[in-house]
file data_0.cif (mmCIF, C-alpha atoms)
data_upload
loop_
_atom_site.label_atom_id
_atom_site.label_comp_id
_atom_site.auth_asym_id
_atom_site.auth_seq_id
_atom_site.Cartn_x
_atom_site.Cartn_y
_atom_site.Cartn_z
CA MET A 28 -14.22 -42.36 -16.55
CA ASN A 29 -13.52 -39.29 -18.65
CA SER A 30 -10.55 -37.20 -17.69
CA SER A 31 -8.37 -34.72 -19.52
CA ALA A 32 -5.35 -35.69 -17.45
CA THR A 33 -2.87 -37.83 -19.26
CA SER A 34 -0.62 -40.40 -17.66
CA GLY A 35 1.78 -38.76 -15.24
CA GLU A 36 0.33 -35.31 -15.86
CA VAL A 37 -1.97 -33.38 -13.55
CA SER A 38 -4.92 -31.57 -15.17
CA ARG A 39 -4.60 -27.79 -14.66
CA PRO A 40 -7.45 -26.10 -16.51
CA LEU A 41 -6.40 -22.61 -15.36
CA ALA A 42 -2.72 -22.98 -16.21
CA SER A 43 -2.95 -20.53 -19.11
CA PHE A 44 -4.95 -17.87 -17.24
CA THR A 45 -2.80 -14.87 -16.31
CA VAL A 46 -3.81 -11.69 -14.48
CA GLU A 47 -2.52 -8.10 -14.56
CA LEU A 48 -3.17 -6.36 -11.25
CA ASP A 49 -1.57 -3.50 -9.36
CA VAL A 50 -0.16 -5.86 -6.76
CA TYR A 51 0.69 -8.80 -8.97
CA SER A 52 1.17 -9.72 -12.60
CA GLY A 53 1.47 -13.31 -13.78
CA PRO A 54 -0.22 -16.71 -13.73
CA TYR A 55 -3.43 -16.88 -11.70
CA GLU A 56 -2.38 -20.15 -10.09
CA TRP A 57 0.76 -18.49 -8.73
CA LEU A 58 -1.35 -15.67 -7.34
CA LEU A 59 -3.42 -18.22 -5.41
CA ALA A 60 -0.24 -19.80 -4.08
CA LEU A 61 1.18 -16.41 -3.04
CA ILE A 62 -2.05 -15.50 -1.24
CA LEU A 63 -2.06 -18.79 0.65
CA LYS A 64 1.57 -18.29 1.62
CA GLU A 65 0.66 -14.74 2.68
CA GLU A 66 3.19 -13.31 0.26
CA VAL A 67 0.38 -11.23 -1.24
CA GLU A 68 -2.09 -9.49 1.03
CA ILE A 69 -5.65 -10.59 0.26
CA PHE A 70 -6.85 -7.06 1.07
CA GLU A 71 -4.88 -5.76 -1.88
CA VAL A 72 -6.37 -8.18 -4.40
CA PRO A 73 -9.42 -6.80 -6.28
CA LEU A 74 -11.54 -9.92 -6.69
CA ARG A 75 -14.02 -8.30 -9.04
CA GLU A 76 -11.16 -7.34 -11.34
CA ILE A 77 -10.01 -10.96 -11.42
CA VAL A 78 -13.51 -12.10 -12.38
CA ASP A 79 -13.62 -9.48 -15.16
CA LEU A 80 -10.21 -10.57 -16.42
CA TYR A 81 -11.33 -14.19 -16.49
CA LEU A 82 -14.57 -13.40 -18.30
CA ASN A 83 -12.73 -11.29 -20.87
CA SER A 84 -10.02 -13.88 -21.51
CA ARG A 85 -12.29 -16.92 -21.35
CA PRO A 86 -12.22 -18.81 -24.66
CA GLU A 87 -15.62 -19.77 -25.98
CA GLY A 88 -16.38 -23.48 -25.91
CA GLY A 89 -13.64 -26.09 -26.03
CA PRO A 90 -13.57 -29.62 -24.58
CA ASP A 91 -12.51 -28.47 -21.10
CA ALA A 92 -14.67 -25.32 -20.86
CA LEU A 93 -16.88 -26.70 -18.10
CA GLU A 94 -13.94 -27.99 -16.12
CA ARG A 95 -12.14 -24.65 -16.48
CA ASP A 96 -15.15 -22.61 -15.43
CA THR A 97 -15.81 -24.90 -12.49
CA GLU A 98 -12.21 -24.64 -11.37
CA PHE A 99 -12.29 -20.86 -11.57
CA VAL A 100 -15.62 -20.49 -9.77
CA GLY A 101 -14.36 -22.76 -7.01
CA SER A 102 -11.11 -20.85 -6.53
CA ALA A 103 -12.81 -17.44 -6.78
CA ALA A 104 -15.38 -18.47 -4.17
CA SER A 105 -12.54 -19.55 -1.87
CA LEU A 106 -10.90 -16.15 -2.32
CA VAL A 107 -14.16 -14.40 -1.41
CA LEU A 108 -14.49 -16.54 1.68
CA LEU A 109 -10.88 -15.96 2.64
CA LYS A 110 -11.24 -12.22 2.17
CA SER A 111 -14.48 -12.10 4.16
CA ARG A 112 -12.91 -14.13 6.92
CA THR A 113 -9.80 -11.96 6.98
CA LEU A 114 -11.97 -8.86 7.26
CA PHE A 115 -13.17 -10.17 10.60
CA PRO A 116 -10.18 -11.43 12.55
CA ALA A 117 -12.33 -12.01 15.65
CA LEU A 118 -13.53 -15.22 14.00
CA GLU A 119 -10.07 -16.70 14.60
CA SER A 120 -10.44 -16.58 18.35
CA GLU A 121 -10.08 -20.36 18.60
CA GLU A 122 -6.56 -20.30 17.22
CA PRO A 123 -4.12 -21.40 19.91
CA ASP A 124 -1.48 -18.83 18.92
CA GLU A 125 -3.92 -15.97 19.00
CA GLU A 126 -2.59 -12.61 20.09
CA PRO A 127 -3.70 -11.90 23.68
CA ALA A 128 -6.74 -9.69 23.94
CA LEU A 129 -5.96 -6.01 24.31
CA SER A 130 -7.16 -4.08 27.30
CA PRO A 131 -9.38 -1.07 26.50
CA GLU A 132 -6.47 1.24 27.27
CA GLN A 133 -4.12 -0.69 24.98
CA LEU A 134 -6.73 -0.67 22.25
CA ALA A 135 -7.18 3.08 22.65
CA ASP A 136 -3.42 3.62 22.47
CA ARG A 137 -3.09 1.43 19.41
CA LEU A 138 -5.93 3.16 17.58
CA THR A 139 -4.55 6.55 18.54
CA ALA A 140 -1.16 5.59 17.13
CA TYR A 141 -2.80 4.27 13.98
CA LEU A 142 -4.83 7.46 13.55
CA LYS A 143 -1.60 9.45 13.63
CA VAL A 144 0.01 7.15 11.07
CA LYS A 145 -3.11 7.50 8.93
CA ARG A 146 -3.01 11.29 9.07
CA GLY A 147 0.71 11.15 8.28
CA SER A 148 -0.05 9.02 5.22
CA GLU A 149 -2.66 11.53 4.03
CA TYR A 150 -0.11 14.31 4.38
CA LEU A 151 2.44 12.28 2.43
CA ARG A 152 -0.09 11.67 -0.34
CA GLU A 153 -0.54 15.45 -0.72
CA ARG A 154 3.21 15.98 -0.88
CA PHE A 155 3.72 13.20 -3.41
CA ASP A 156 0.89 14.58 -5.55
CA ALA A 157 2.32 18.12 -5.36
CA ASN A 158 5.77 16.89 -6.44
CA SER A 159 4.75 14.39 -9.09
CA GLY A 160 5.29 16.85 -11.97
CA PHE A 161 9.07 17.19 -11.60
CA HIS A 162 11.23 15.38 -14.13
CA ALA A 163 14.90 15.28 -13.23
CA SER A 164 17.54 15.84 -15.88
CA ALA A 165 17.60 12.59 -17.79
CA HIS A 166 21.14 11.37 -17.34
CA ALA A 167 21.06 8.64 -14.74
CA LEU A 168 24.41 8.03 -13.11
CA ARG A 169 25.72 4.55 -12.58
CA PRO A 170 25.07 3.21 -9.08
CA ARG A 171 27.70 4.03 -6.54
CA PRO A 172 30.22 1.25 -5.94
CA GLY A 173 28.91 -1.13 -3.34
CA ARG A 174 25.26 -0.26 -3.91
CA LEU A 175 24.57 -3.45 -5.87
CA ARG A 176 25.21 -6.33 -3.54
CA ILE A 177 23.69 -9.78 -3.76
CA ASP A 178 23.36 -11.53 -0.43
CA ALA A 179 23.84 -15.25 -1.05
CA ALA A 180 21.53 -16.20 1.83
CA ARG A 181 18.74 -13.97 0.57
CA LEU A 182 19.18 -15.27 -2.97
CA GLN A 183 18.94 -18.84 -1.69
CA HIS A 184 15.86 -17.96 0.36
CA ALA A 185 14.18 -16.35 -2.64
CA ALA A 186 14.96 -19.35 -4.84
CA ARG A 187 13.58 -21.73 -2.24
CA ARG A 188 10.36 -19.75 -2.04
CA THR A 189 10.04 -19.53 -5.80
CA PHE A 190 10.49 -23.23 -6.46
CA SER A 191 8.72 -24.64 -3.42
CA ARG A 192 5.33 -26.27 -3.87
CA PRO A 193 2.28 -24.28 -2.82
CA ILE A 194 0.79 -25.46 0.45
CA GLU A 195 -2.66 -26.93 0.52
CA PRO A 196 -5.31 -24.35 1.39
CA PRO A 197 -6.62 -24.71 4.94
CA THR A 198 -10.31 -25.59 5.06
CA ALA A 199 -10.84 -26.01 8.80
CA HIS A 200 -12.36 -22.57 9.04
CA LEU A 201 -15.05 -23.26 6.44
CA GLY A 202 -18.27 -23.42 8.40
CA PRO A 203 -21.89 -23.57 7.34
CA ILE A 204 -22.43 -20.18 5.76
CA THR A 205 -26.11 -19.87 4.95
CA LEU A 206 -26.16 -16.42 3.36
CA THR A 207 -24.19 -15.42 0.28
CA ILE A 208 -22.66 -12.10 -0.63
CA GLN A 209 -24.88 -12.01 -3.72
CA GLU A 210 -28.04 -12.32 -1.62
CA LEU A 211 -26.89 -9.63 0.77
CA ALA A 212 -25.83 -7.37 -2.10
CA ALA A 213 -29.29 -7.68 -3.65
CA TRP A 214 -30.86 -6.88 -0.29
CA ILE A 215 -28.65 -3.81 0.21
CA ARG A 216 -29.41 -2.55 -3.30
CA SER A 217 -33.14 -2.89 -2.78
CA SER A 218 -32.89 -1.11 0.60
CA LEU A 219 -30.89 1.73 -0.96
CA VAL A 220 -33.85 2.65 -3.14
CA ARG A 221 -35.34 4.34 -0.06
CA GLY A 222 -32.22 6.50 0.47
CA PRO A 223 -28.94 6.39 2.46
CA LEU A 224 -28.43 3.43 4.78
CA SER A 225 -26.56 3.23 8.06
CA TYR A 226 -24.30 0.17 8.27
CA GLU A 227 -24.78 0.06 12.03
CA ASP A 228 -28.57 -0.03 11.61
CA LEU A 229 -28.28 -2.66 8.91
CA VAL A 230 -26.30 -5.14 11.02
CA ARG A 231 -27.84 -4.31 14.40
CA ASP A 232 -29.58 -7.68 14.71
CA MET A 233 -26.96 -9.75 12.89
CA ASP A 234 -24.27 -12.00 14.33
CA ARG A 235 -20.61 -11.18 13.63
CA LEU A 236 -20.31 -13.48 10.62
CA HIS A 237 -23.30 -11.98 8.86
CA ALA A 238 -22.14 -8.48 9.73
CA ALA A 239 -18.78 -9.28 8.14
CA VAL A 240 -20.39 -10.73 5.01
CA THR A 241 -22.65 -7.67 4.81
CA PHE A 242 -19.56 -5.48 4.91
CA ALA A 243 -17.93 -7.57 2.18
CA ALA A 244 -21.10 -7.26 0.09
CA SER A 245 -21.09 -3.49 0.51
CA LEU A 246 -17.43 -3.37 -0.61
CA SER A 247 -18.32 -5.36 -3.72
CA LEU A 248 -21.22 -3.02 -4.50
CA ALA A 249 -19.02 0.03 -3.96
CA ASN A 250 -16.39 -1.49 -6.23
CA GLU A 251 -19.03 -2.03 -8.91
CA GLY A 252 -20.23 1.55 -8.55
CA HIS A 253 -23.68 0.71 -7.17
CA LEU A 254 -23.15 2.64 -3.95
CA THR A 255 -20.74 5.01 -2.23
CA LEU A 256 -19.27 4.41 1.22
CA SER A 257 -19.07 7.43 3.49
CA GLN A 258 -17.18 7.53 6.80
CA SER A 259 -15.88 10.89 7.91
CA ASP A 260 -13.73 9.65 10.82
CA PRO A 261 -12.00 6.38 11.73
CA LEU A 262 -14.45 4.24 13.72
CA GLY A 263 -17.17 6.74 12.86
CA PRO A 264 -20.59 5.84 11.49
CA LEU A 265 -20.50 4.16 8.09
CA THR A 266 -23.18 5.20 5.61
CA PHE A 267 -24.10 3.63 2.27
CA LEU A 268 -25.15 6.25 -0.27
CA PRO A 269 -26.94 5.43 -3.52
CA ALA A 270 -24.68 5.86 -6.52
CA VAL A 271 -25.26 9.10 -8.39
CA MET B 27 36.97 30.85 -21.94
CA ILE B 28 37.28 30.32 -18.23
CA PRO B 29 33.94 29.05 -16.91
CA ARG B 30 32.34 30.89 -14.03
CA PRO B 31 31.54 28.92 -10.82
CA ALA B 32 27.82 28.96 -11.63
CA HIS B 33 28.54 27.42 -15.04
CA LEU B 34 30.56 24.62 -13.49
CA ILE B 35 27.88 23.84 -10.93
CA GLU B 36 25.17 24.06 -13.58
CA SER B 37 26.91 21.60 -15.90
CA VAL B 38 27.53 19.05 -13.14
CA LEU B 39 23.90 19.27 -11.99
CA LEU B 40 22.69 18.76 -15.55
CA VAL B 41 24.29 15.34 -15.90
CA SER B 42 23.02 13.97 -12.60
CA ALA B 43 19.57 12.46 -12.13
CA ARG B 44 19.94 12.37 -8.37
CA PRO B 45 20.41 15.31 -6.01
CA ILE B 46 24.05 16.28 -5.38
CA GLU B 47 25.23 17.49 -2.00
CA PRO B 48 27.13 20.81 -1.87
CA GLY B 49 30.23 18.96 -0.68
CA ASP B 50 30.15 16.69 -3.72
CA LEU B 51 29.67 19.72 -5.97
CA ALA B 52 32.73 21.31 -4.40
CA SER B 53 34.75 18.12 -4.95
CA ALA B 54 33.64 17.81 -8.55
CA THR B 55 34.31 21.41 -9.50
CA GLY B 56 37.29 22.14 -7.26
CA LEU B 57 35.54 25.23 -5.96
CA PRO B 58 35.61 26.30 -2.32
CA THR B 59 32.38 25.72 -0.39
CA ARG B 60 31.61 29.42 -0.21
CA GLU B 61 31.74 29.81 -3.99
CA VAL B 62 29.57 26.74 -4.42
CA GLN B 63 26.94 28.29 -2.14
CA ASP B 64 27.09 31.62 -4.03
CA ALA B 65 26.75 29.78 -7.34
CA LEU B 66 23.78 27.78 -6.07
CA TYR B 67 22.10 30.99 -4.93
CA GLU B 68 22.63 32.48 -8.38
CA LEU B 69 21.25 29.38 -10.06
CA GLU B 70 18.22 29.33 -7.74
CA THR B 71 17.36 32.81 -8.93
CA ARG B 72 17.91 31.98 -12.58
CA TYR B 73 15.99 28.70 -12.40
CA SER B 74 12.99 29.87 -10.44
CA PRO B 75 9.53 28.54 -11.38
CA GLU B 76 8.46 32.01 -12.50
CA SER B 77 11.30 32.54 -14.96
CA SER B 78 12.28 29.15 -16.40
CA GLY B 79 11.06 25.79 -17.60
CA ILE B 80 13.90 24.27 -15.59
CA ILE B 81 14.11 24.75 -11.85
CA LEU B 82 16.68 24.04 -9.20
CA ARG B 83 15.33 21.84 -6.41
CA ASN B 84 16.79 21.48 -2.95
CA VAL B 85 15.76 17.92 -2.09
CA ALA B 86 17.14 14.89 -0.25
CA GLY B 87 20.08 16.84 1.14
CA GLY B 88 21.28 18.04 -2.25
CA TYR B 89 20.47 20.00 -5.38
CA GLN B 90 18.87 18.78 -8.55
CA LEU B 91 17.85 20.29 -11.88
CA ALA B 92 14.33 19.30 -12.90
CA THR B 93 11.60 20.45 -15.22
CA ASN B 94 9.04 22.94 -14.02
CA PRO B 95 5.86 21.08 -12.92
CA ALA B 96 3.86 23.62 -14.92
CA CYS B 97 5.42 22.09 -18.04
CA ALA B 98 4.87 18.49 -16.94
CA ALA B 99 2.11 17.74 -19.45
CA SER B 100 4.27 18.74 -22.42
CA VAL B 101 7.26 16.79 -21.13
CA GLU B 102 5.19 13.67 -20.57
CA ARG B 103 3.55 13.99 -24.00
CA PHE B 104 6.98 14.28 -25.63
CA ARG B 105 8.41 11.33 -23.73
CA GLN B 106 5.23 9.36 -24.41
CA GLU B 107 5.17 7.96 -20.94
CA LEU B 108 2.81 8.16 -18.02
CA ARG B 109 3.76 9.03 -14.49
CA PRO B 110 4.35 6.03 -12.21
CA THR B 111 1.17 4.52 -10.83
CA PRO B 112 0.13 6.53 -7.77
CA LEU B 113 0.83 4.80 -4.49
CA SER B 114 -2.04 3.05 -2.72
CA ASN B 115 -3.36 4.13 0.66
CA ALA B 116 -1.63 1.13 2.19
CA ALA B 117 1.69 2.20 0.67
CA HIS B 118 1.33 5.72 2.05
CA GLU B 119 0.61 4.28 5.48
CA VAL B 120 3.71 2.10 5.37
CA LEU B 121 5.81 5.10 4.33
CA SER B 122 4.26 7.11 7.14
CA CYS B 123 5.29 4.37 9.60
CA ALA B 124 8.85 4.33 8.25
CA LEU B 125 9.15 8.11 8.27
CA TYR B 126 7.67 8.81 11.67
CA LEU B 127 8.27 5.58 13.62
CA GLY B 128 11.31 4.23 11.78
CA PRO B 129 13.69 2.70 11.29
CA LEU B 130 11.49 -0.25 12.15
CA THR B 131 11.01 -3.90 11.23
CA ARG B 132 8.38 -5.33 8.91
CA ALA B 133 6.63 -6.80 11.95
CA ALA B 134 6.52 -3.38 13.60
CA VAL B 135 4.97 -1.89 10.44
CA SER B 136 2.32 -4.61 10.43
CA ALA B 137 1.66 -4.09 14.13
CA ALA B 138 1.23 -0.34 13.69
CA ARG B 139 -1.22 -0.82 10.80
CA GLY B 140 -2.99 -3.84 12.30
CA VAL B 141 -2.59 -5.82 9.09
CA ASN B 142 0.19 -7.77 7.39
CA SER B 143 2.14 -5.29 5.28
CA ASP B 144 4.88 -7.48 3.80
CA ALA B 145 3.59 -7.28 0.22
CA VAL B 146 3.28 -3.49 0.41
CA VAL B 147 6.79 -3.20 1.86
CA ARG B 148 8.14 -5.34 -0.95
CA GLY B 149 6.57 -3.03 -3.54
CA LEU B 150 8.04 0.05 -1.88
CA LEU B 151 11.49 -1.57 -1.73
CA GLU B 152 11.25 -2.24 -5.46
CA ARG B 153 10.28 1.39 -6.13
CA GLY B 154 13.24 2.57 -4.09
CA LEU B 155 11.15 4.53 -1.59
CA LEU B 156 12.10 2.21 1.28
CA ALA B 157 15.42 0.55 2.01
CA GLU B 158 16.77 -1.85 4.57
CA ALA B 159 18.97 0.12 6.95
CA GLY B 160 20.67 -2.25 9.36
CA SER B 161 18.98 -4.85 11.52
CA ASP B 162 17.43 -5.08 14.96
CA LYS B 163 19.97 -7.14 16.92
CA GLY B 164 17.70 -7.22 19.96
CA ILE B 165 15.14 -9.46 18.23
CA PRO B 166 15.75 -13.15 17.45
CA GLY B 167 16.76 -13.49 13.82
CA SER B 168 17.90 -9.86 13.67
CA PRO B 169 15.15 -8.71 11.27
CA ALA B 170 16.01 -5.90 8.87
CA LEU B 171 15.08 -2.34 9.76
CA LEU B 172 13.23 -0.30 7.16
CA ALA B 173 13.85 3.39 6.54
CA VAL B 174 12.81 5.94 3.95
CA THR B 175 15.33 6.72 1.19
CA ASP B 176 16.66 9.77 -0.62
CA GLU B 177 14.33 8.80 -3.44
CA PHE B 178 11.45 9.14 -0.98
CA LEU B 179 12.63 12.61 0.08
CA ALA B 180 12.99 13.69 -3.55
CA SER B 181 9.54 12.35 -4.43
CA ALA B 182 8.05 14.26 -1.51
CA GLY B 183 10.02 17.41 -2.35
CA ALA B 184 11.75 17.39 1.03
CA ALA B 185 15.30 18.46 1.74
CA SER B 186 15.46 16.23 4.81
CA ARG B 187 13.28 14.35 7.28
CA GLU B 188 13.03 17.54 9.32
CA ASP B 189 10.93 19.02 6.49
CA PHE B 190 7.91 17.02 7.61
CA PRO B 191 5.58 18.20 10.35
CA SER B 192 5.47 16.12 13.50
CA LEU B 193 2.76 13.52 13.89
CA GLU B 194 1.33 15.37 16.86
CA THR B 195 0.55 18.41 14.72
CA LEU B 196 -1.21 16.32 12.09
CA VAL B 197 -3.92 15.07 14.44
CA ALA B 198 -6.13 17.57 16.21
CA PRO B 199 -6.66 16.94 19.94
CA GLU B 200 -10.42 17.11 19.31
CA GLU B 201 -10.12 14.25 16.85
CA LEU B 202 -8.31 12.12 19.43
CA ASP B 203 -10.98 12.99 21.99
CA ARG B 204 -13.70 11.91 19.57
CA LEU B 205 -11.90 8.61 18.95
CA ARG B 206 -11.64 7.86 22.66
CA GLN B 207 -15.26 8.83 23.17
CA ARG B 208 -16.36 6.40 20.46
CA LEU B 209 -14.25 3.66 22.03
CA ASN B 210 -15.88 4.27 25.38
CA GLU B 211 -19.32 4.15 23.82
CA ALA B 212 -18.49 0.90 22.03
CA ARG B 213 -17.15 -0.57 25.29
CA GLU B 214 -20.30 0.37 27.15
CA ARG B 215 -22.48 -1.17 24.46
CA GLU B 216 -20.56 -4.46 24.62
CA ALA B 217 -20.32 -4.61 28.41
CA PRO B 218 -22.50 -7.41 29.88
CA PRO B 219 -25.48 -6.18 31.91
CA ALA B 220 -24.96 -6.05 35.67
CA PRO B 221 -26.45 -9.06 37.50
CA ASP B 222 -29.65 -8.50 39.48
CA GLY B 223 -29.19 -7.01 42.93
CA VAL B 224 -25.82 -5.46 42.13
#

call {"tool": "encode", "arguments": {"input": "data_0.cif", "output": "structure tokens"}}
result
Amino acid sequence: MNSSATSGEVSRPLASFTVELDVYSGPYEWLLALILKEEVEIFEVPLREIVDLYLNSRPEGGPDALERDTEFVGSAASLVLLKSRTLFPALESEEPDEEPALSPEQLADRLTAYLKVKRGSEYLRERFDANSGFHASAHALRPRPGRLRIDAARLQHAARRTFSRPIEPPTAHLGPITLTIQELAAWIRSSLVRGPLSYEDLVRDMDRLHAAVTFAASLSLANEGHLTLSQSDPLGPLTFLPAV
Amino acid sequence: MIPRPAHLIESVLLVSARPIEPGDLASATGLPTREVQDALYELETRYSPESSGIILRNVAGGYQLATNPACAASVERFRQELRPTPLSNAAHEVLSCALYLGPLTRAAVSAARGVNSDAVVRGLLERGLLAEAGSDKGIPGSPALLAVTDEFLASAGAASREDFPSLETLVAPEELDRLRQRLNEAREREAPPAPDGV
């Protein structure tokens, strides 16, 4: 049997692959571990950017090229699945510790509160943008006494998290998915030739899983610049527009 | 030469990167509060955006000397540095939660946004826009409460939290009505059909 693992050493083809993202910078393997431990929000991780980084840093050839590529494709596919699944929390309804279902009134209240927070965030963005051009006089004072405190318990907790082993990824949720994001993306792109598309019309006859994967495919296409997503209001109609 | 009050205030402001409260200015200069206020008024006139490349800002409960935003491009070219990466939408939402609903726990932030926000909170803590301000003793484990910081107020150009409009004024009643209407329509679409004979 051929194996690149030596005695007492585990083969890690992606050990040298590092990523530079807005939310994280460092080894790719650690990013996977942080995502699985929910230390990094999967929503914040641009998967396409990771693929680009891998393709750009991928050394040509080498004895373990196939093993490395296989490892990356496998982990990237898991991330896509995880992200798609997270986009549709209703799929987790079999979890025993699921949050109790909200009544219509509670849902309305929650969405109303969120809409206010959302509008508040848009207002804050304007204020931050308007005030981004100020540069304070450049002499930074030393921190006030007592500002720099190290809590021993928090330091211990951080060390434990840093040096603990990553948990195995859960696979119980992996069901028979018969349609890929690539297939759906190709279908959306071909449909866009005829003009703008309504997401609601597109998924009208689909089950929830396929609707979620369709949404994930549209996000990928938007990220790649093949289409533009348009939604004027929260919960309003979502329209796919051909890229200009 | 005996320095005038405005000169004293001006020199203290120059060496501080963070806003200084009038009381601290009075302590540093030994001037009475009234003279500090008069000096600040004089400096505000001298360092107005129309007449100077340096302006006096009233932010985060204090005063700060800063460059005129109209000159920002030249300053940044000279310092050969870019502005900090703009905050993401998620980060603005978390700050909105802390400003309008806070102080609140990480779990409360996640509940308000409907998505786990721990990573975003961590980033904002590192940037100094959020800080832990006490803990919620009523919850098991006494989780830390998050609040916006003076750095946040300075970045938003606000003298205090009262400088922000209330949440109610940011959302038009018609928009809330439209949201509820859409929810009702969605509920009706998902409601099972009535059995025969009912």

call {"tool": "closest_residue", "arguments": {"input": "data_0.cif", "among": "A:Leu151, A:Leu80, A:Ala140, A:Ala163", "to": "Ser114 (chain B)", "atoms": "all atoms listed in the file"}}
result
A:Leu151

call {"tool": "interface_residues", "arguments": {"input": "data_0.cif", "of": "chain B", "to": "chain A", "cutoff": "6 Å", "atoms": "all atoms listed in the file", "output": "list in words"}}
result
Leu40, Val41, Ser42, Ala43, Leu91, Ala92, Thr93, Pro95, Ala98, His118, Glu119, Ser122, Ala145, Ser181, Ala182, Gly183 and Leu193 of chain B

call {"tool": "atom_distance", "arguments": {"input": "data_0.cif", "atom1": "CA of Leu66 (chain B)", "atom2": "CA of Gly49 (chain B)"}}
result
12.2 Å

call {"tool": "closest_residue", "arguments": {"input": "data_0.cif", "among": "B:Glu107, B:Ile46, B:Tyr126, B:Ala116", "to": "Phe190 (chain B)", "atoms": "all atoms listed in the file"}}
result
B:Tyr126

call {"tool": "atom_distance", "arguments": {"input": "data_0.cif", "atom1": "CA of Leu254 (chain A)", "atom2": "CA of Thr205 (chain A)"}}
result
24.4 Å

call {"tool": "closest_residue", "arguments": {"input": "data_0.cif", "among": "A:Arg221, A:Gly89, A:Arg181, A:Ala270", "to": "Glu251 (chain A)", "atoms": "all atoms listed in the file"}}
result
A:Ala270

call {"tool": "atom_distance", "arguments": {"input": "data_0.cif", "atom1": "CA of Ser100 (chain B)", "atom2": "CA of Leu82 (chain B)"}}
result
18.9 Å

call {"tool": "residues_around", "arguments": {"input": "data_0.cif", "residues": "Ile77 (chain A)", "least_positions_apart": "4", "cutoff": "10 Å", "atoms": "all atoms listed in the file", "output": "PyMOL selection string"}}
result
chain A and resi 45-48+55+72-73+81-83+103

call {"tool": "resolve_selection", "arguments": {"input": "data_0.cif", "expression": "the PyMOL selection byres ((chain B and resi 176) around 9)", "output": "list in words"}}
result
Arg44, Pro45, Val85, Ala86, Gly87, Gly154, Leu155, Val174, Thr175, Glu177, Phe178, Leu179, Ala180, Ser181 and Ser186 of chain B

call {"tool": "resolve_selection", "arguments": {"input": "data_0.cif", "expression": "the PyMOL selection byres ((chain B and resi 129) around 10)", "output": "number ranges by chain"}}
result
B: 123-128, 130-132, 134-135, 157-162, 170-174

call {"tool": "residues_around", "arguments": {"input": "data_0.cif", "residues": "Tyr67 (chain B)", "least_positions_apart": "6", "cutoff": "10 Å", "atoms": "all atoms listed in the file", "output": "ChimeraX atom specification"}}
result
/B:32,61,73,82

call {"tool": "build_atoms", "arguments": {"input": "data_0.cif", "residues": "region 51-62 of chain A", "atoms": "N, CA and C atoms", "output": "CSV table (one decimal), in the frame of the given file"}}
result
chain,number,residue,atom,x,y,z
A,51,TYR,N,0.1,-7.6,-8.5
A,51,TYR,CA,0.7,-8.8,-9.0
A,51,TYR,C,0.4,-8.9,-10.5
A,52,SER,N,1.4,-9.5,-11.2
A,52,SER,CA,1.2,-9.7,-12.6
A,52,SER,C,1.8,-11.1,-12.9
A,53,GLY,N,1.0,-12.0,-13.4
A,53,GLY,CA,1.5,-13.3,-13.8
A,53,GLY,C,0.4,-14.3,-13.7
A,54,PRO,N,0.8,-15.6,-13.7
A,54,PRO,CA,-0.2,-16.7,-13.7
A,54,PRO,C,-1.1,-16.6,-12.5
A,55,TYR,N,-2.4,-16.9,-12.8
A,55,TYR,CA,-3.4,-16.9,-11.7
A,55,TYR,C,-3.1,-17.9,-10.6
A,56,GLU,N,-2.7,-19.1,-11.1
A,56,GLU,CA,-2.4,-20.2,-10.1
A,56,GLU,C,-1.3,-19.7,-9.1
A,57,TRP,N,-0.3,-19.0,-9.6
A,57,TRP,CA,0.8,-18.5,-8.7
A,57,TRP,C,0.2,-17.5,-7.7
A,58,LEU,N,-0.7,-16.7,-8.2
A,58,LEU,CA,-1.4,-15.7,-7.3
A,58,LEU,C,-2.0,-16.4,-6.2
A,59,LEU,N,-2.8,-17.5,-6.5
A,59,LEU,CA,-3.4,-18.2,-5.4
A,59,LEU,C,-2.4,-18.7,-4.4
A,60,ALA,N,-1.3,-19.3,-5.0
A,60,ALA,CA,-0.2,-19.8,-4.1
A,60,ALA,C,0.4,-18.7,-3.2
A,61,LEU,N,0.6,-17.5,-3.8
A,61,LEU,CA,1.2,-16.4,-3.0
A,61,LEU,C,0.2,-15.9,-2.0
A,62,ILE,N,-1.1,-15.9,-2.3
A,62,ILE,CA,-2.0,-15.5,-1.2
A,62,ILE,C,-2.0,-16.5,-0.1
